>>> print(open('my_file_36.pdb').read())   # PDB, C-alpha atoms
ATOM      1  CA  MET A   1       0.000   0.000   0.000
ATOM      2  CA  GLU A   2       2.857   2.385   0.912
ATOM      3  CA  LYS A   3       4.631   1.598  -2.388
ATOM      4  CA  ASN A   4       1.508   2.488  -4.373
ATOM      5  CA  LYS A   5       1.196   5.779  -2.496
ATOM      6  CA  ASN A   6       4.866   6.652  -3.151
ATOM      7  CA  LEU A   7       4.493   5.662  -6.802
ATOM      8  CA  LYS A   8       1.444   7.906  -7.072
ATOM      9  CA  TYR A   9       3.451  10.890  -5.708
ATOM     10  CA  ILE A  10       6.349  10.172  -8.059
ATOM     11  CA  ILE A  11       4.011  10.060 -11.060
ATOM     12  CA  ILE A  12       2.369  13.335 -10.010
ATOM     13  CA  LEU A  13       5.811  14.921  -9.566
ATOM     14  CA  LEU A  14       6.913  13.699 -13.006
ATOM     15  CA  ILE A  15       3.747  15.095 -14.584
ATOM     16  CA  ILE A  16       4.388  18.481 -12.945
ATOM     17  CA  ILE A  17       7.992  18.490 -14.186
ATOM     18  CA  ILE A  18       6.882  17.577 -17.718
ATOM     19  CA  LEU A  19       4.254  20.346 -17.684
ATOM     20  CA  LEU A  20       6.858  22.872 -16.498
ATOM     21  CA  LEU A  21       9.269  21.798 -19.252
ATOM     22  CA  VAL A  22       6.548  22.045 -21.896
ATOM     23  CA  GLY A  23       5.597  25.496 -20.610
ATOM     24  CA  PHE A  24       9.234  26.620 -20.741
ATOM     25  CA  ILE A  25       9.638  25.310 -24.299
ATOM     26  CA  ILE A  26       6.466  27.104 -25.388
ATOM     27  CA  PHE A  27       7.651  30.316 -23.717
ATOM     28  CA  CYS A  28      11.017  30.129 -25.521
ATOM     29  CA  ALA A  29       9.356  29.343 -28.854
ATOM     30  CA  VAL A  30       6.976  32.299 -28.535
ATOM     31  CA  LYS A  31       9.849  34.648 -27.640
ATOM     32  CA  PHE A  32      11.860  33.384 -30.622
ATOM     33  CA  LEU A  33       8.904  33.824 -32.964
ATOM     34  CA  ASP A  34       8.285  37.350 -31.627
ATOM     35  CA  GLU A  35      11.913  38.265 -32.327
ATOM     36  CA  ARG A  36      11.707  36.763 -35.832
ATOM     37  CA  ALA A  37       8.512  38.696 -36.507
ATOM     38  CA  GLU A  38      10.137  41.937 -35.350
ATOM     39  CA  ILE A  39      13.191  41.339 -37.538
ATOM     40  CA  ARG A  40      10.934  40.541 -40.490
ATOM     41  CA  ARG A  41       8.969  43.724 -39.808
ATOM     42  CA  LEU A  42      12.171  45.768 -39.718
ATOM     43  CA  TYR A  43      13.458  44.366 -42.970
ATOM     44  CA  ASN A  44      10.179  44.316 -44.906
ATOM     45  CA  ASN A  45       8.153  47.307 -43.748
ATOM     46  CA  GLY A  46       9.126  50.316 -45.843
ATOM     47  CA  ASN A  47       7.290  52.669 -43.482
ATOM     48  CA  THR A  48       9.432  51.677 -40.532
ATOM     49  CA  VAL A  49      12.898  51.117 -41.958
ATOM     50  CA  ASN A  50      14.367  50.930 -45.419
ATOM     51  CA  VAL A  51      16.925  48.157 -45.599
ATOM     52  CA  THR A  52      19.164  47.587 -48.583
ATOM     53  CA  ASN A  53      22.022  45.128 -48.216
ATOM     54  CA  ASN A  54      21.564  45.248 -44.469
ATOM     55  CA  ASP A  55      21.850  49.024 -44.427
ATOM     56  CA  VAL A  56      19.433  51.571 -43.024
ATOM     57  CA  SER A  57      18.864  54.547 -45.284
ATOM     58  CA  SER A  58      16.952  57.774 -44.786
ATOM     59  CA  ASN A  59      15.166  56.795 -41.619
ATOM     60  CA  GLU A  60      14.814  59.422 -38.927
ATOM     61  CA  LYS A  61      13.855  56.852 -36.306
ATOM     62  CA  TYR A  62      17.234  55.066 -36.301
ATOM     63  CA  ILE A  63      20.811  56.208 -36.112
ATOM     64  CA  SER A  64      23.047  55.285 -39.057
ATOM     65  CA  ARG A  65      25.434  52.353 -39.226
ATOM     66  CA  GLU A  66      28.317  54.819 -39.135
ATOM     67  CA  GLU A  67      26.980  56.410 -35.949
ATOM     68  CA  ALA A  68      26.648  52.969 -34.333
ATOM     69  CA  LEU A  69      30.251  52.176 -35.246
ATOM     70  CA  LYS A  70      31.388  55.540 -33.878
ATOM     71  CA  VAL A  71      29.693  54.798 -30.529
ATOM     72  CA  ALA A  72      31.532  51.470 -30.244
ATOM     73  CA  LEU A  73      34.893  52.916 -31.292
ATOM     74  CA  THR A  74      34.523  55.845 -28.886
ATOM     75  CA  ASP A  75      33.818  53.368 -26.081
ATOM     76  CA  ILE A  76      37.255  51.752 -26.500
ATOM     77  CA  GLY A  77      38.978  54.954 -27.615
ATOM     78  CA  VAL A  78      40.245  54.015 -31.092
ATOM     79  CA  ASN A  79      39.894  55.356 -34.634
ATOM     80  CA  GLN A  80      38.176  53.510 -37.459
ATOM     81  CA  GLU A  81      41.492  53.244 -39.320
ATOM     82  CA  ASP A  82      42.881  51.135 -36.454
ATOM     83  CA  VAL A  83      40.221  48.400 -36.595
ATOM     84  CA  TYR A  84      39.574  45.695 -39.188
ATOM     85  CA  ASP A  85      36.950  43.079 -40.128
ATOM     86  CA  ILE A  86      34.123  45.520 -39.430
ATOM     87  CA  ASP A  87      30.626  44.031 -39.670
ATOM     88  CA  ILE A  88      27.479  45.973 -38.795
ATOM     89  CA  GLU A  89      23.998  44.451 -38.929
ATOM     90  CA  LEU A  90      20.565  45.652 -37.922
ATOM     91  CA  ASP A  91      18.981  43.138 -35.560
ATOM     92  CA  TYR A  92      16.390  42.708 -32.826
ATOM     93  CA  LYS A  93      17.890  41.562 -29.531
ATOM     94  CA  TYR A  94      17.294  42.219 -25.872
ATOM     95  CA  SER A  95      13.777  43.413 -26.783
ATOM     96  CA  LYS A  96      15.265  46.313 -28.765
ATOM     97  CA  THR A  97      16.176  47.182 -32.321
ATOM     98  CA  VAL A  98      19.965  47.220 -32.262
ATOM     99  CA  PHE A  99      22.964  47.464 -34.505
ATOM    100  CA  GLU A 100      25.237  44.504 -33.923
ATOM    101  CA  VAL A 101      28.712  45.952 -34.458
ATOM    102  CA  ASN A 102      31.627  43.519 -34.726
ATOM    103  CA  PHE A 103      35.264  44.390 -35.367
ATOM    104  CA  ASN A 104      38.806  43.384 -34.492
ATOM    105  CA  TYR A 105      41.419  45.582 -32.863
ATOM    106  CA  GLY A 106      44.820  44.299 -31.890
ATOM    107  CA  LYS A 107      44.472  40.792 -30.545
ATOM    108  CA  TYR A 108      40.835  41.251 -29.533
ATOM    109  CA  GLU A 109      37.475  40.806 -31.196
ATOM    110  CA  TYR A 110      34.777  43.241 -30.081
ATOM    111  CA  GLU A 111      31.031  42.824 -30.288
ATOM    112  CA  TYR A 112      28.663  45.676 -29.480
ATOM    113  CA  TYR A 113      24.893  45.932 -29.432
ATOM    114  CA  ILE A 114      23.990  49.574 -29.996
ATOM    115  CA  ASN A 115      20.399  50.746 -29.529
ATOM    116  CA  ALA A 116      19.335  51.765 -33.049
ATOM    117  CA  GLU A 117      16.973  54.444 -31.753
ATOM    118  CA  ASP A 118      19.131  56.388 -29.301
ATOM    119  CA  GLY A 119      22.706  55.160 -29.872
ATOM    120  CA  THR A 120      23.289  53.836 -26.362
ATOM    121  CA  ILE A 121      25.299  50.696 -25.741
ATOM    122  CA  VAL A 122      22.983  47.832 -24.807
ATOM    123  CA  LYS A 123      25.728  45.205 -24.347
ATOM    124  CA  SER A 124      29.331  44.714 -25.334
ATOM    125  CA  PHE A 125      31.748  41.810 -25.391
ATOM    126  CA  LYS A 126      35.501  41.564 -25.809
ATOM    127  CA  GLU A 127      37.400  38.348 -26.353
ATOM    128  CA  ILE A 128      40.826  37.309 -27.532
ATOM    129  CA  ASP A 129      40.833  36.654 -31.263
ATOM    130  CA  LEU A 130      42.692  33.406 -31.834
TER     131      LEU A 130
END
>>> encode(input="my_file_36.pdb", output="structure tokens")
Amino acid sequence: MEKNKNLKYIIILLIIIILLLVGFIIFCAVKFLDERAEIRRLYNNGNTVNVTNNDVSSNEKYISREEALKVALTDIGVNQEDVYDIDIELDYKYSKTVFEVNFNYGKYEYEYYINAEDGTIVKSFKEIDL
């Protein structure tokens, strides 16, 4: 009788764990789909942003790619001539429209997420470039 009662509790616990995992997976999937929809909206909606070859042109709502790069370079105190492998992409991360700015300087690789609306640094990373 005691074994059946323990088995019943274990089954209930397993069901709760499975439901929590399913809920977490659904939450992650919805967040991913929301981000994809926002990126699609940014790239396809001419009223919001004009994107040509991953560039933003003539949009008063967003800073330019060059301004985003300048923010990142100012943060580490270097000139554009000193960096190489520059890559700048418009993206949607951290619930914001951002420019993802990547470049190399010296022995390091830098990655910046610059808020496309106000030019503030959302996140930045620095790692040794092997």
>>> atom_distance(input="my_file_36.pdb", atom1="atom CA of Val122 of chain A", atom2="atom CA of Glu66 of chain A")
16.8 Å
>>> resolve_selection(input="my_file_36.pdb", expression="the PyMOL selection byres ((chain A and resi 72-84) around 8)", output="PyMOL selection string")
chain A and resi 68-71+85-86+101+103-106+112+114+121
>>> residues_around(input="my_file_36.pdb", residues="Tyr113 of chain A", least_positions_apart="6", cutoff="10 Å", atoms="all atoms listed in the file", output="VMD selection string")
chain A and resid 68 72 88 to 94 96 to 102 119 to 125
>>> atom_distance(input="my_file_36.pdb", atom1="atom CA of Ile63 of chain A", atom2="atom CA of Asp87 of chain A")
16.0 Å
>>> resolve_selection(input="my_file_36.pdb", expression="the PyMOL selection byres ((chain A and resi 108) around 8)", output="NGL selection string")
:A and (104-107 or 109-110 or 126-129)
>>> write_last_selection(input="my_file_36.pdb", atoms="C-alpha atoms", output="mmCIF file, in the frame of the given file")
data_model
loop_
_atom_site.group_PDB
_atom_site.id
_atom_site.type_symbol
_atom_site.label_atom_id
_atom_site.label_comp_id
_atom_site.auth_asym_id
_atom_site.auth_seq_id
_atom_site.Cartn_x
_atom_site.Cartn_y
_atom_site.Cartn_z
ATOM 1 C CA ASN A 104 38.806 43.384 -34.492
ATOM 2 C CA TYR A 105 41.419 45.582 -32.863
ATOM 3 C CA GLY A 106 44.820 44.299 -31.890
ATOM 4 C CA LYS A 107 44.472 40.792 -30.545
ATOM 5 C CA GLU A 109 37.475 40.806 -31.196
ATOM 6 C CA TYR A 110 34.777 43.241 -30.081
ATOM 7 C CA LYS A 126 35.501 41.564 -25.809
ATOM 8 C CA GLU A 127 37.400 38.348 -26.353
ATOM 9 C CA ILE A 128 40.826 37.309 -27.532
ATOM 10 C CA ASP A 129 40.833 36.654 -31.263
#
>>> atom_distance(input="my_file_36.pdb", atom1="atom CA of Glu35 of chain A", atom2="atom CA of Glu117 of chain A")
17.0 Å
>>> build_atoms(input="my_file_36.pdb", residues="segment 96-113 of chain A", atoms="N, CA and C atoms", output="mmCIF file, in the frame of the given file")
data_model
loop_
_atom_site.group_PDB
_atom_site.id
_atom_site.type_symbol
_atom_site.label_atom_id
_atom_site.label_comp_id
_atom_site.auth_asym_id
_atom_site.auth_seq_id
_atom_site.Cartn_x
_atom_site.Cartn_y
_atom_site.Cartn_z
ATOM 1 N N LYS A 96 14.996 45.014 -28.165
ATOM 2 C CA LYS A 96 15.265 46.313 -28.765
ATOM 3 C C LYS A 96 15.746 46.121 -30.198
ATOM 4 N N THR A 97 15.555 47.151 -31.005
ATOM 5 C CA THR A 97 16.176 47.182 -32.321
ATOM 6 C C THR A 97 17.585 47.688 -32.116
ATOM 7 N N VAL A 98 18.562 46.894 -32.518
ATOM 8 C CA VAL A 98 19.965 47.220 -32.262
ATOM 9 C C VAL A 98 20.798 47.054 -33.528
ATOM 10 N N PHE A 99 21.920 47.751 -33.534
ATOM 11 C CA PHE A 99 22.964 47.464 -34.505
ATOM 12 C C PHE A 99 23.948 46.540 -33.817
ATOM 13 N N GLU A 100 24.206 45.396 -34.424
ATOM 14 C CA GLU A 100 25.237 44.504 -33.923
ATOM 15 C C GLU A 100 26.521 44.900 -34.645
ATOM 16 N N VAL A 101 27.461 45.443 -33.896
ATOM 17 C CA VAL A 101 28.712 45.952 -34.458
ATOM 18 C C VAL A 101 29.837 45.027 -34.022
ATOM 19 N N ASN A 102 30.507 44.410 -34.997
ATOM 20 C CA ASN A 102 31.627 43.519 -34.726
ATOM 21 C C ASN A 102 32.876 44.055 -35.428
ATOM 22 N N PHE A 103 34.009 43.991 -34.742
ATOM 23 C CA PHE A 103 35.264 44.390 -35.367
ATOM 24 C C PHE A 103 36.417 43.815 -34.553
ATOM 25 N N ASN A 104 37.604 43.849 -35.160
ATOM 26 C CA ASN A 104 38.806 43.384 -34.492
ATOM 27 C C ASN A 104 39.737 44.576 -34.294
ATOM 28 N N TYR A 105 40.420 44.561 -33.170
ATOM 29 C CA TYR A 105 41.419 45.582 -32.863
ATOM 30 C C TYR A 105 42.510 44.905 -32.055
ATOM 31 N N GLY A 106 43.717 44.973 -32.566
ATOM 32 C CA GLY A 106 44.820 44.299 -31.890
ATOM 33 C C GLY A 106 44.565 42.805 -31.844
ATOM 34 N N LYS A 107 44.700 42.237 -30.678
ATOM 35 C CA LYS A 107 44.472 40.792 -30.545
ATOM 36 C C LYS A 107 43.070 40.462 -30.050
ATOM 37 N N TYR A 108 42.181 41.454 -30.064
ATOM 38 C CA TYR A 108 40.835 41.251 -29.533
ATOM 39 C C TYR A 108 39.765 41.377 -30.609
ATOM 40 N N GLU A 109 38.677 40.677 -30.382
ATOM 41 C CA GLU A 109 37.475 40.806 -31.196
ATOM 42 C C GLU A 109 36.410 41.453 -30.317
ATOM 43 N N TYR A 110 35.785 42.495 -30.826
ATOM 44 C CA TYR A 110 34.777 43.241 -30.081
ATOM 45 C C TYR A 110 33.405 43.016 -30.699
ATOM 46 N N GLU A 111 32.416 42.952 -29.849
ATOM 47 C CA GLU A 111 31.031 42.824 -30.288
ATOM 48 C C GLU A 111 30.191 43.785 -29.454
ATOM 49 N N TYR A 112 29.504 44.671 -30.141
ATOM 50 C CA TYR A 112 28.663 45.676 -29.480
ATOM 51 C C TYR A 112 27.235 45.554 -29.975
ATOM 52 N N TYR A 113 26.299 45.790 -29.080
ATOM 53 C CA TYR A 113 24.893 45.932 -29.432
ATOM 54 C C TYR A 113 24.519 47.368 -29.092
#
